[in-house]
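Heads up, the thing below is written out as structure tokens.
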Amino acid sequence: MSQSVTPELRQWVQQQLAAGVSREALYQSMLSSGWMPEVASQALGQQAESLPSWTAPAPAQPARPRGELPEPDLAAQHSEIEVLGRKVRVLMALERPRVVVFGGLLSDDECDAMVLAARNRLARSETVASRNEGSEVNSARTSEGMFFERGETEVCARVEARLAALLNWPASHGEGLQVLRYRRGAEYLPHYDYFEPHHASSKAILQRGGQRVGTVVMYLNTPERGGATTFPDIKLDVMAVKGNAVFFSYDRPDPATLTLHGGAPVLDGEKWVATKWLREREFI
């Protein structure tokens with residue numbers, strides 16, 4: 001099949017760069033996906049000969065078995081799972097990528113309590129890692145956010161325990177909850193949640209708990225319009241509904257996981273979410 005640089009490809013490349021993916025990582029990812037070097041370099045707006053430090057992609061990392069990832073017990077195919085006294089509905093489950101949408105994961109009171117506790121601590125959202133191992137304003141994410149320490153409040157501890165039981169993953173193997181507010185027009189361009197292995201900051205980050213292996217996005221309110229969590233690779237939009245959540249896991253830090261996702265623009269009102277990132281080891 002012939003390959004060419006289409007407007008759609010250029011737009012996708014710009015979205016990845018805006019989301020913080022390095023040109024080298026993006027180039028090697030495109031090569032590993034079957035793109036010819038000259039087409040990949042053209043899409044990146046570079047000449048191949050001007051990129052002497054770029055090398056052929058390393059062999060793909062082996063995928064972790066499902067049993068080594070956070071995973072809800074859906075074998076019995078029940079429409080509800082009782083977790084520590086709360087009934088959580090299973091609204092949708094997809095095998096590849098592993099995406100599960102839960103209904104009523106949080107109560108209205110829990111949602112309101114997290115919003116109230118976070119509201120006065122919000123700041124312009126930053127990247128998780130920048131090239132100098134600090135943080136920087138992320139142009140791909142137009143939101144305000146803050147982090148709770150793990151177990152910082154009674155509600156945080158209760159929600160973290162519920163997630164641990166639901167996903168069969170220790171609460172200690174997760175970062176503290178992050179709360180984000182997206183005002184009208186705010187969005188988060190498509191990105192991956194795992195840490196790019198070749199990024200300058202990844203070595204230090206991975207020492208704190210290993211690679212990320214799963215994400216839970218919990219909706220703390222229902223926007224008037226817009227604000228869905230989107231998965232462009234699989235053409236899936238998950239609507240933001242108060243108390244509901246979307247969980248997805250990734251078995252390796254690679255685009256082959258099909259976990260590219262983003263937050264669609266909020267068209268009316270605002271959107272509040274709480275995100276929990278799960279690590280492969282205890283997060284310290």
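Naming works like this for the structure tokens: A, B, ... for the chains as they're shown, residue 1 at the start of each chain, ligands 1 onward in shown order.
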Identify, on the basis of only C-alpha atoms, every residue whose closest approach to A:Arg121 does not exceed 12 Å; exclude the query and any residue fewer than 6 positions from it along the same chain; express the result as a PyMOL selection string. chain A and resi 114-115+144-148+178-181
Got time to write the residues from that selection, C-alpha atoms, as a PDB file, in the first residue's frame?
```
ATOM      1  CA  MET A 114     -13.767  15.990  46.053  1.00  0.00           C
ATOM      2  CA  VAL A 115     -14.731  19.091  44.094  1.00  0.00           C
ATOM      3  CA  GLU A 144      -6.775  23.613  36.025  1.00  0.00           C
ATOM      4  CA  GLY A 145      -5.775  20.840  38.375  1.00  0.00           C
ATOM      5  CA  MET A 146      -4.333  19.660  41.665  1.00  0.00           C
ATOM      6  CA  PHE A 147      -3.094  16.438  43.273  1.00  0.00           C
ATOM      7  CA  PHE A 148      -4.207  14.848  46.515  1.00  0.00           C
ATOM      8  CA  GLN A 178      -5.633  14.244  40.445  1.00  0.00           C
ATOM      9  CA  VAL A 179      -8.656  16.546  40.133  1.00  0.00           C
ATOM     10  CA  LEU A 180      -9.066  18.659  37.007  1.00  0.00           C
ATOM     11  CA  ARG A 181     -11.538  21.355  36.059  1.00  0.00           C
TER      12      ARG A 181
END
```
Give me, as a ChimeraX atom specification, all polymer residues having an atom no more than 12 Å from A:Asp268, counting only C-alpha atoms and skipping those fewer than 4 positions away in the same chain. /A:182-186,222-227,264
Please produce a file of those selected residues containing N, CA and C atoms, as a compact mmCIF listing (two decimals), in the first residue's frame.
```txt
# COMPACT_ATOMS: atom_id res chain seq x y z
N TYR A 182 -12.22 21.58 33.76
CA TYR A 182 -12.19 22.09 32.39
C TYR A 182 -13.33 23.09 32.24
N ARG A 183 -13.00 24.35 31.99
CA ARG A 183 -14.04 25.34 31.74
C ARG A 183 -14.51 25.25 30.29
N ARG A 184 -15.47 26.06 29.93
CA ARG A 184 -16.00 26.06 28.57
C ARG A 184 -14.86 26.29 27.56
N GLY A 185 -14.79 25.43 26.56
CA GLY A 185 -13.75 25.52 25.54
C GLY A 185 -12.47 24.77 25.87
N ALA A 186 -12.32 24.35 27.13
CA ALA A 186 -11.09 23.65 27.52
C ALA A 186 -11.11 22.21 27.02
N THR A 222 -21.61 16.40 35.57
CA THR A 222 -22.05 16.17 34.19
C THR A 222 -22.03 17.51 33.47
N PRO A 223 -21.13 17.71 32.51
CA PRO A 223 -21.12 18.98 31.76
C PRO A 223 -22.45 19.17 31.02
N GLU A 224 -22.81 20.41 30.80
CA GLU A 224 -24.03 20.68 30.05
C GLU A 224 -23.93 20.15 28.63
N ARG A 225 -22.73 20.27 28.03
CA ARG A 225 -22.54 19.77 26.67
C ARG A 225 -21.05 19.61 26.42
N GLY A 226 -20.68 18.49 25.76
CA GLY A 226 -19.29 18.26 25.41
C GLY A 226 -18.53 17.60 26.55
N GLY A 227 -17.20 17.51 26.37
CA GLY A 227 -16.33 17.01 27.42
C GLY A 227 -16.16 15.51 27.48
N ALA A 264 -12.43 15.78 24.97
CA ALA A 264 -13.05 16.66 23.98
C ALA A 264 -13.39 18.01 24.61
```
Between A:Asp73, A:Glu80, A:Glu68, A:Asp109, which is the closest to A:Lys242 once you count only C-alpha atoms?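 Checking each of A:Asp73, A:Glu80, A:Glu68, A:Asp109 against A:Lys242, counting only C-alpha atoms, the winner is A:Asp109.
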With only C-alpha atoms as the counted atoms, please give the residues lying no more than 12 Å from A:Gln77, apart from itself and same-chain residues fewer than 5 positions off, as a list of chain:residue names.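 Near A:Gln77, the qualifying residues are A:Pro72, A:Arg89, A:Val90, A:Leu91, A:Met92, A:Ala93.
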Neighbouring residues of A:Phe283 were defined as those with any atom within 12 Å, considering only C-alpha atoms; residues of the same chain fewer than 3 positions away were excluded. Please report them as a CSV table (one decimal) with C-alpha atoms, in the first residue's frame.
```
chain,number,residue,atom,x,y,z
A,149,GLU,CA,-1.7,12.8,48.4
A,150,ARG,CA,-2.7,9.1,48.5
A,170,PRO,CA,-3.2,-2.7,45.5
A,171,ALA,CA,-3.9,0.9,46.6
A,172,SER,CA,-0.2,1.3,47.2
A,173,HIS,CA,0.4,0.8,43.5
A,174,GLY,CA,-1.2,4.0,42.5
A,175,GLU,CA,-0.5,7.7,42.4
A,176,GLY,CA,-2.6,10.2,44.4
A,205,ILE,CA,10.0,8.9,37.3
A,206,LEU,CA,10.1,5.2,36.8
A,207,GLN,CA,12.1,4.7,40.0
A,208,ARG,CA,9.1,5.9,42.1
A,209,GLY,CA,6.8,3.0,41.1
A,210,GLY,CA,7.6,1.7,37.7
A,211,GLN,CA,5.6,2.2,34.5
A,212,ARG,CA,2.0,3.2,34.5
A,277,TRP,CA,-3.0,6.4,37.5
A,278,LEU,CA,-2.0,2.8,38.4
A,279,ARG,CA,1.7,1.8,38.6
A,280,GLU,CA,3.3,-1.6,38.2
```
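Using only C-alpha atoms, the smallest distance between any of A:Glu196, A:Gly104, A:Leu166, A:Glu187 and A:Leu267 comes from A:Glu187.
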Mind checking which residues fall within 10 Å of A:Val217, counting only C-alpha atoms, ignoring those fewer than 3 positions away in the same chain, and posting them as an NGL selection string? :A and (101 or 177-179 or 220 or 229 or 240 or 244-248 or 273-277)
Writing out the chosen residues with N, CA and C atoms as an mmCIF file, in the first residue's frame:
```cif
data_model
loop_
_atom_site.group_PDB
_atom_site.id
_atom_site.type_symbol
_atom_site.label_atom_id
_atom_site.label_comp_id
_atom_site.auth_asym_id
_atom_site.auth_seq_id
_atom_site.Cartn_x
_atom_site.Cartn_y
_atom_site.Cartn_z
ATOM 1 N N VAL A 101 -16.342 0.806 31.080
ATOM 2 C CA VAL A 101 -17.064 1.975 31.578
ATOM 3 C C VAL A 101 -17.936 1.536 32.745
ATOM 4 N N LEU A 177 -4.842 10.854 43.756
ATOM 5 C CA LEU A 177 -5.874 11.315 42.836
ATOM 6 C C LEU A 177 -5.558 12.722 42.330
ATOM 7 N N GLN A 178 -5.748 12.911 41.026
ATOM 8 C CA GLN A 178 -5.633 14.244 40.445
ATOM 9 C C GLN A 178 -7.022 14.733 40.075
ATOM 10 N N VAL A 179 -7.370 15.944 40.489
ATOM 11 C CA VAL A 179 -8.656 16.546 40.133
ATOM 12 C C VAL A 179 -8.407 17.660 39.133
ATOM 13 N N LEU A 220 -16.802 13.906 38.037
ATOM 14 C CA LEU A 220 -17.312 14.480 39.275
ATOM 15 C C LEU A 220 -18.531 15.369 39.049
ATOM 16 N N THR A 229 -14.604 11.746 27.010
ATOM 17 C CA THR A 229 -13.275 11.155 26.906
ATOM 18 C C THR A 229 -13.239 10.383 25.592
ATOM 19 N N ALA A 240 -19.234 12.134 29.660
ATOM 20 C CA ALA A 240 -18.950 12.484 31.050
ATOM 21 C C ALA A 240 -20.265 12.568 31.821
ATOM 22 N N ASN A 244 -19.918 8.329 37.121
ATOM 23 C CA ASN A 244 -19.437 7.255 36.250
ATOM 24 C C ASN A 244 -17.925 7.360 36.076
ATOM 25 N N ALA A 245 -17.325 6.333 35.473
ATOM 26 C CA ALA A 245 -15.874 6.324 35.278
ATOM 27 C C ALA A 245 -15.527 5.451 34.080
ATOM 28 N N VAL A 246 -14.389 5.732 33.487
ATOM 29 C CA VAL A 246 -13.856 4.872 32.429
ATOM 30 C C VAL A 246 -12.472 4.400 32.866
ATOM 31 N N PHE A 247 -12.266 3.095 32.773
ATOM 32 C CA PHE A 247 -10.984 2.469 33.111
ATOM 33 C C PHE A 247 -10.381 1.891 31.845
ATOM 34 N N PHE A 248 -9.067 2.058 31.680
ATOM 35 C CA PHE A 248 -8.371 1.383 30.584
ATOM 36 C C PHE A 248 -6.957 1.038 31.029
ATOM 37 N N VAL A 273 -13.142 16.230 36.717
ATOM 38 C CA VAL A 273 -12.793 14.814 36.719
ATOM 39 C C VAL A 273 -11.743 14.545 37.793
ATOM 40 N N ALA A 274 -11.727 13.303 38.276
ATOM 41 C CA ALA A 274 -10.661 12.826 39.153
ATOM 42 C C ALA A 274 -10.000 11.655 38.444
ATOM 43 N N THR A 275 -8.694 11.702 38.325
ATOM 44 C CA THR A 275 -7.952 10.661 37.600
ATOM 45 C C THR A 275 -7.050 9.896 38.560
ATOM 46 N N LYS A 276 -7.053 8.581 38.400
ATOM 47 C CA LYS A 276 -6.175 7.708 39.179
ATOM 48 C C LYS A 276 -5.293 6.942 38.210
ATOM 49 N N TRP A 277 -3.960 7.105 38.350
ATOM 50 C CA TRP A 277 -3.012 6.359 37.530
ATOM 51 C C TRP A 277 -2.436 5.214 38.349
#
```
May I have all residues of stretch 59-280 of chain A that DSSP, computed from the backbone, assigns to strand (DSSP E), given as a PDB file with N, CA and C atoms, in the first residue's frame?
```pdb
ATOM      1  N   GLU A  80     -23.662  -5.836  37.406  1.00  0.00           N
ATOM      2  CA  GLU A  80     -23.261  -5.077  38.586  1.00  0.00           C
ATOM      3  C   GLU A  80     -22.196  -5.838  39.347  1.00  0.00           C
ATOM      4  N   ILE A  81     -21.283  -5.100  39.954  1.00  0.00           N
ATOM      5  CA  ILE A  81     -20.261  -5.686  40.821  1.00  0.00           C
ATOM      6  C   ILE A  81     -20.381  -4.999  42.175  1.00  0.00           C
ATOM      7  N   GLU A  82     -20.510  -5.783  43.242  1.00  0.00           N
ATOM      8  CA  GLU A  82     -20.554  -5.188  44.578  1.00  0.00           C
ATOM      9  C   GLU A  82     -19.137  -5.036  45.097  1.00  0.00           C
ATOM     10  N   VAL A  83     -18.768  -3.807  45.412  1.00  0.00           N
ATOM     11  CA  VAL A  83     -17.406  -3.501  45.846  1.00  0.00           C
ATOM     12  C   VAL A  83     -17.457  -2.766  47.174  1.00  0.00           C
ATOM     13  N   ARG A  86     -20.695  -1.154  47.889  1.00  0.00           N
ATOM     14  CA  ARG A  86     -21.300  -0.309  46.857  1.00  0.00           C
ATOM     15  C   ARG A  86     -21.486  -1.106  45.572  1.00  0.00           C
ATOM     16  N   LYS A  87     -22.655  -0.991  44.979  1.00  0.00           N
ATOM     17  CA  LYS A  87     -22.927  -1.668  43.720  1.00  0.00           C
ATOM     18  C   LYS A  87     -22.505  -0.774  42.551  1.00  0.00           C
ATOM     19  N   VAL A  88     -21.581  -1.280  41.755  1.00  0.00           N
ATOM     20  CA  VAL A  88     -21.050  -0.547  40.608  1.00  0.00           C
ATOM     21  C   VAL A  88     -21.541  -1.232  39.345  1.00  0.00           C
ATOM     22  N   ARG A  89     -22.142  -0.481  38.440  1.00  0.00           N
ATOM     23  CA  ARG A  89     -22.665  -1.040  37.202  1.00  0.00           C
ATOM     24  C   ARG A  89     -21.572  -1.133  36.138  1.00  0.00           C
ATOM     25  N   VAL A  90     -21.626  -2.196  35.359  1.00  0.00           N
ATOM     26  CA  VAL A  90     -20.730  -2.355  34.216  1.00  0.00           C
ATOM     27  C   VAL A  90     -21.509  -1.963  32.971  1.00  0.00           C
ATOM     28  N   LEU A  91     -21.187  -0.801  32.407  1.00  0.00           N
ATOM     29  CA  LEU A  91     -21.951  -0.268  31.280  1.00  0.00           C
ATOM     30  C   LEU A  91     -21.398  -0.711  29.933  1.00  0.00           C
ATOM     31  N   MET A  92     -20.098  -0.949  29.864  1.00  0.00           N
ATOM     32  CA  MET A  92     -19.471  -1.349  28.613  1.00  0.00           C
ATOM     33  C   MET A  92     -18.127  -1.968  28.903  1.00  0.00           C
ATOM     34  N   ALA A  93     -17.750  -2.998  28.151  1.00  0.00           N
ATOM     35  CA  ALA A  93     -16.428  -3.615  28.308  1.00  0.00           C
ATOM     36  C   ALA A  93     -15.884  -3.961  26.930  1.00  0.00           C
ATOM     37  N   LEU A  94     -14.670  -3.515  26.675  1.00  0.00           N
ATOM     38  CA  LEU A  94     -13.997  -3.753  25.404  1.00  0.00           C
ATOM     39  C   LEU A  94     -12.702  -4.496  25.688  1.00  0.00           C
ATOM     40  N   VAL A  99     -10.942  -1.520  27.798  1.00  0.00           N
ATOM     41  CA  VAL A  99     -11.679  -0.338  28.252  1.00  0.00           C
ATOM     42  C   VAL A  99     -12.955  -0.821  28.911  1.00  0.00           C
ATOM     43  N   VAL A 100     -13.209  -0.349  30.130  1.00  0.00           N
ATOM     44  CA  VAL A 100     -14.434  -0.687  30.841  1.00  0.00           C
ATOM     45  C   VAL A 100     -15.052   0.611  31.356  1.00  0.00           C
ATOM     46  N   VAL A 101     -16.342   0.806  31.080  1.00  0.00           N
ATOM     47  CA  VAL A 101     -17.064   1.975  31.578  1.00  0.00           C
ATOM     48  C   VAL A 101     -17.936   1.536  32.745  1.00  0.00           C
ATOM     49  N   PHE A 102     -17.766   2.205  33.876  1.00  0.00           N
ATOM     50  CA  PHE A 102     -18.515   1.881  35.087  1.00  0.00           C
ATOM     51  C   PHE A 102     -19.555   2.955  35.362  1.00  0.00           C
ATOM     52  N   GLY A 103     -20.726   2.525  35.806  1.00  0.00           N
ATOM     53  CA  GLY A 103     -21.769   3.454  36.211  1.00  0.00           C
ATOM     54  C   GLY A 103     -21.896   3.486  37.721  1.00  0.00           C
ATOM     55  N   ALA A 123      -4.535  24.883  40.059  1.00  0.00           N
ATOM     56  CA  ALA A 123      -3.542  25.685  39.358  1.00  0.00           C
ATOM     57  C   ALA A 123      -3.537  25.249  37.904  1.00  0.00           C
ATOM     58  N   ARG A 124      -2.970  26.077  37.021  1.00  0.00           N
ATOM     59  CA  ARG A 124      -2.893  25.739  35.600  1.00  0.00           C
ATOM     60  C   ARG A 124      -2.217  24.393  35.449  1.00  0.00           C
ATOM     61  N   GLU A 144      -7.394  23.311  34.739  1.00  0.00           N
ATOM     62  CA  GLU A 144      -6.775  23.613  36.025  1.00  0.00           C
ATOM     63  C   GLU A 144      -6.823  22.335  36.852  1.00  0.00           C
ATOM     64  N   GLY A 145      -5.783  22.090  37.643  1.00  0.00           N
ATOM     65  CA  GLY A 145      -5.775  20.840  38.375  1.00  0.00           C
ATOM     66  C   GLY A 145      -4.979  20.891  39.662  1.00  0.00           C
ATOM     67  N   MET A 146      -5.089  19.817  40.436  1.00  0.00           N
ATOM     68  CA  MET A 146      -4.333  19.660  41.665  1.00  0.00           C
ATOM     69  C   MET A 146      -4.234  18.169  41.972  1.00  0.00           C
ATOM     70  N   PHE A 147      -3.279  17.815  42.845  1.00  0.00           N
ATOM     71  CA  PHE A 147      -3.094  16.438  43.273  1.00  0.00           C
ATOM     72  C   PHE A 147      -3.379  16.303  44.762  1.00  0.00           C
ATOM     73  N   GLN A 178      -5.748  12.911  41.026  1.00  0.00           N
ATOM     74  CA  GLN A 178      -5.633  14.244  40.445  1.00  0.00           C
ATOM     75  C   GLN A 178      -7.022  14.733  40.075  1.00  0.00           C
ATOM     76  N   VAL A 179      -7.370  15.944  40.489  1.00  0.00           N
ATOM     77  CA  VAL A 179      -8.656  16.546  40.133  1.00  0.00           C
ATOM     78  C   VAL A 179      -8.407  17.660  39.133  1.00  0.00           C
ATOM     79  N   LEU A 180      -9.190  17.650  38.057  1.00  0.00           N
ATOM     80  CA  LEU A 180      -9.066  18.659  37.007  1.00  0.00           C
ATOM     81  C   LEU A 180     -10.404  19.333  36.773  1.00  0.00           C
ATOM     82  N   ARG A 181     -10.349  20.624  36.489  1.00  0.00           N
ATOM     83  CA  ARG A 181     -11.538  21.355  36.059  1.00  0.00           C
ATOM     84  C   ARG A 181     -11.296  21.895  34.657  1.00  0.00           C
ATOM     85  N   TYR A 182     -12.218  21.578  33.762  1.00  0.00           N
ATOM     86  CA  TYR A 182     -12.188  22.092  32.394  1.00  0.00           C
ATOM     87  C   TYR A 182     -13.331  23.090  32.239  1.00  0.00           C
ATOM     88  N   TYR A 188      -8.255  18.472  26.264  1.00  0.00           N
ATOM     89  CA  TYR A 188      -6.961  17.817  26.418  1.00  0.00           C
ATOM     90  C   TYR A 188      -6.752  17.013  25.140  1.00  0.00           C
ATOM     91  N   LEU A 189      -5.772  17.420  24.348  1.00  0.00           N
ATOM     92  CA  LEU A 189      -5.531  16.765  23.071  1.00  0.00           C
ATOM     93  C   LEU A 189      -5.134  15.299  23.278  1.00  0.00           C
ATOM     94  N   PRO A 190      -5.376  14.448  22.277  1.00  0.00           N
ATOM     95  CA  PRO A 190      -5.064  13.017  22.415  1.00  0.00           C
ATOM     96  C   PRO A 190      -3.613  12.772  22.813  1.00  0.00           C
ATOM     97  N   HIS A 191      -3.422  11.814  23.725  1.00  0.00           N
ATOM     98  CA  HIS A 191      -2.104  11.531  24.284  1.00  0.00           C
ATOM     99  C   HIS A 191      -2.120  10.128  24.876  1.00  0.00           C
ATOM    100  N   ARG A 212       3.421   3.240  34.362  1.00  0.00           N
ATOM    101  CA  ARG A 212       1.971   3.241  34.503  1.00  0.00           C
ATOM    102  C   ARG A 212       1.393   2.081  33.697  1.00  0.00           C
ATOM    103  N   VAL A 213       0.363   1.439  34.250  1.00  0.00           N
ATOM    104  CA  VAL A 213      -0.251   0.294  33.573  1.00  0.00           C
ATOM    105  C   VAL A 213      -1.760   0.441  33.444  1.00  0.00           C
ATOM    106  N   GLY A 214      -2.333   1.465  34.045  1.00  0.00           N
ATOM    107  CA  GLY A 214      -3.774   1.642  33.940  1.00  0.00           C
ATOM    108  C   GLY A 214      -4.202   3.027  34.375  1.00  0.00           C
ATOM    109  N   THR A 215      -5.375   3.439  33.896  1.00  0.00           N
ATOM    110  CA  THR A 215      -5.925   4.760  34.191  1.00  0.00           C
ATOM    111  C   THR A 215      -7.407   4.625  34.517  1.00  0.00           C
ATOM    112  N   VAL A 216      -7.857   5.376  35.515  1.00  0.00           N
ATOM    113  CA  VAL A 216      -9.285   5.494  35.809  1.00  0.00           C
ATOM    114  C   VAL A 216      -9.636   6.979  35.780  1.00  0.00           C
ATOM    115  N   VAL A 217     -10.552   7.359  34.910  1.00  0.00           N
ATOM    116  CA  VAL A 217     -11.050   8.732  34.848  1.00  0.00           C
ATOM    117  C   VAL A 217     -12.456   8.731  35.420  1.00  0.00           C
ATOM    118  N   MET A 218     -12.651   9.456  36.520  1.00  0.00           N
ATOM    119  CA  MET A 218     -13.942   9.509  37.204  1.00  0.00           C
ATOM    120  C   MET A 218     -14.555  10.892  37.019  1.00  0.00           C
ATOM    121  N   TYR A 219     -15.822  10.929  36.651  1.00  0.00           N
ATOM    122  CA  TYR A 219     -16.496  12.188  36.360  1.00  0.00           C
ATOM    123  C   TYR A 219     -17.191  12.709  37.623  1.00  0.00           C
ATOM    124  N   ARG A 225     -22.734  20.271  28.034  1.00  0.00           N
ATOM    125  CA  ARG A 225     -22.544  19.774  26.671  1.00  0.00           C
ATOM    126  C   ARG A 225     -21.052  19.610  26.417  1.00  0.00           C
ATOM    127  N   GLY A 226     -20.684  18.492  25.759  1.00  0.00           N
ATOM    128  CA  GLY A 226     -19.288  18.255  25.414  1.00  0.00           C
ATOM    129  C   GLY A 226     -18.525  17.600  26.547  1.00  0.00           C
ATOM    130  N   THR A 229     -14.604  11.746  27.010  1.00  0.00           N
ATOM    131  CA  THR A 229     -13.275  11.155  26.906  1.00  0.00           C
ATOM    132  C   THR A 229     -13.239  10.383  25.592  1.00  0.00           C
ATOM    133  N   THR A 230     -12.310  10.750  24.724  1.00  0.00           N
ATOM    134  CA  THR A 230     -12.282  10.192  23.375  1.00  0.00           C
ATOM    135  C   THR A 230     -11.105   9.239  23.205  1.00  0.00           C
ATOM    136  N   PHE A 231     -11.320   8.186  22.407  1.00  0.00           N
ATOM    137  CA  PHE A 231     -10.276   7.231  22.036  1.00  0.00           C
ATOM    138  C   PHE A 231     -10.218   7.218  20.503  1.00  0.00           C
ATOM    139  N   LEU A 236     -14.074   5.729  19.808  1.00  0.00           N
ATOM    140  CA  LEU A 236     -14.944   5.594  20.965  1.00  0.00           C
ATOM    141  C   LEU A 236     -14.984   6.902  21.737  1.00  0.00           C
ATOM    142  N   ASP A 237     -16.191   7.342  22.072  1.00  0.00           N
ATOM    143  CA  ASP A 237     -16.390   8.504  22.937  1.00  0.00           C
ATOM    144  C   ASP A 237     -17.137   8.045  24.178  1.00  0.00           C
ATOM    145  N   VAL A 238     -16.605   8.369  25.348  1.00  0.00           N
ATOM    146  CA  VAL A 238     -17.264   8.052  26.609  1.00  0.00           C
ATOM    147  C   VAL A 238     -17.793   9.357  27.192  1.00  0.00           C
ATOM    148  N   ALA A 245     -17.325   6.333  35.473  1.00  0.00           N
ATOM    149  CA  ALA A 245     -15.874   6.324  35.278  1.00  0.00           C
ATOM    150  C   ALA A 245     -15.527   5.451  34.080  1.00  0.00           C
ATOM    151  N   VAL A 246     -14.389   5.732  33.487  1.00  0.00           N
ATOM    152  CA  VAL A 246     -13.856   4.872  32.429  1.00  0.00           C
ATOM    153  C   VAL A 246     -12.472   4.400  32.866  1.00  0.00           C
ATOM    154  N   PHE A 247     -12.266   3.095  32.773  1.00  0.00           N
ATOM    155  CA  PHE A 247     -10.984   2.469  33.111  1.00  0.00           C
ATOM    156  C   PHE A 247     -10.381   1.891  31.845  1.00  0.00           C
ATOM    157  N   PHE A 248      -9.067   2.058  31.680  1.00  0.00           N
ATOM    158  CA  PHE A 248      -8.371   1.383  30.584  1.00  0.00           C
ATOM    159  C   PHE A 248      -6.957   1.038  31.029  1.00  0.00           C
ATOM    160  N   SER A 249      -6.459  -0.076  30.512  1.00  0.00           N
ATOM    161  CA  SER A 249      -5.111  -0.524  30.874  1.00  0.00           C
ATOM    162  C   SER A 249      -4.265  -0.629  29.616  1.00  0.00           C
ATOM    163  N   HIS A 261      -5.865   8.713  23.850  1.00  0.00           N
ATOM    164  CA  HIS A 261      -7.124   9.237  24.352  1.00  0.00           C
ATOM    165  C   HIS A 261      -6.991  10.725  24.649  1.00  0.00           C
ATOM    166  N   GLY A 262      -8.109  11.385  24.763  1.00  0.00           N
ATOM    167  CA  GLY A 262      -8.092  12.813  25.048  1.00  0.00           C
ATOM    168  C   GLY A 262      -9.404  13.251  25.660  1.00  0.00           C
ATOM    169  N   GLY A 263      -9.473  14.530  25.994  1.00  0.00           N
ATOM    170  CA  GLY A 263     -10.703  15.115  26.526  1.00  0.00           C
ATOM    171  C   GLY A 263     -11.259  16.084  25.510  1.00  0.00           C
ATOM    172  N   VAL A 266     -15.100  21.160  26.169  1.00  0.00           N
ATOM    173  CA  VAL A 266     -16.350  21.408  26.877  1.00  0.00           C
ATOM    174  C   VAL A 266     -17.085  22.516  26.124  1.00  0.00           C
ATOM    175  N   LEU A 267     -18.277  22.228  25.675  1.00  0.00           N
ATOM    176  CA  LEU A 267     -19.016  23.180  24.842  1.00  0.00           C
ATOM    177  C   LEU A 267     -19.895  24.110  25.665  1.00  0.00           C
ATOM    178  N   ASP A 268     -20.441  23.618  26.761  1.00  0.00           N
ATOM    179  CA  ASP A 268     -21.230  24.451  27.675  1.00  0.00           C
ATOM    180  C   ASP A 268     -21.006  23.947  29.093  1.00  0.00           C
ATOM    181  N   LYS A 271     -16.423  20.898  33.273  1.00  0.00           N
ATOM    182  CA  LYS A 271     -16.258  19.480  33.571  1.00  0.00           C
ATOM    183  C   LYS A 271     -15.239  19.312  34.678  1.00  0.00           C
ATOM    184  N   TRP A 272     -15.584  18.466  35.669  1.00  0.00           N
ATOM    185  CA  TRP A 272     -14.669  18.109  36.740  1.00  0.00           C
ATOM    186  C   TRP A 272     -14.402  16.617  36.660  1.00  0.00           C
ATOM    187  N   VAL A 273     -13.142  16.230  36.717  1.00  0.00           N
ATOM    188  CA  VAL A 273     -12.793  14.814  36.719  1.00  0.00           C
ATOM    189  C   VAL A 273     -11.743  14.545  37.793  1.00  0.00           C
ATOM    190  N   ALA A 274     -11.727  13.303  38.276  1.00  0.00           N
ATOM    191  CA  ALA A 274     -10.661  12.826  39.153  1.00  0.00           C
ATOM    192  C   ALA A 274     -10.000  11.655  38.444  1.00  0.00           C
ATOM    193  N   THR A 275      -8.694  11.702  38.325  1.00  0.00           N
ATOM    194  CA  THR A 275      -7.952  10.661  37.600  1.00  0.00           C
ATOM    195  C   THR A 275      -7.050   9.896  38.560  1.00  0.00           C
ATOM    196  N   LYS A 276      -7.053   8.581  38.400  1.00  0.00           N
ATOM    197  CA  LYS A 276      -6.175   7.708  39.179  1.00  0.00           C
ATOM    198  C   LYS A 276      -5.293   6.942  38.210  1.00  0.00           C
ATOM    199  N   TRP A 277      -3.960   7.105  38.350  1.00  0.00           N
ATOM    200  CA  TRP A 277      -3.012   6.359  37.530  1.00  0.00           C
ATOM    201  C   TRP A 277      -2.436   5.214  38.349  1.00  0.00           C
ATOM    202  N   LEU A 278      -2.425   4.030  37.770  1.00  0.00           N
ATOM    203  CA  LEU A 278      -1.960   2.830  38.443  1.00  0.00           C
ATOM    204  C   LEU A 278      -0.570   2.467  37.954  1.00  0.00           C
ATOM    205  N   ARG A 279       0.323   2.150  38.889  1.00  0.00           N
ATOM    206  CA  ARG A 279       1.716   1.809  38.586  1.00  0.00           C
ATOM    207  C   ARG A 279       1.944   0.297  38.717  1.00  0.00           C
TER     208      ARG A 279
END
```
Which is closer to A:Thr257 than all the others in A:Lys203, A:Arg158, A:Arg281, A:Arg98, using only C-alpha atoms?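 That would be A:Arg98, the residue with the smallest distance to A:Thr257.
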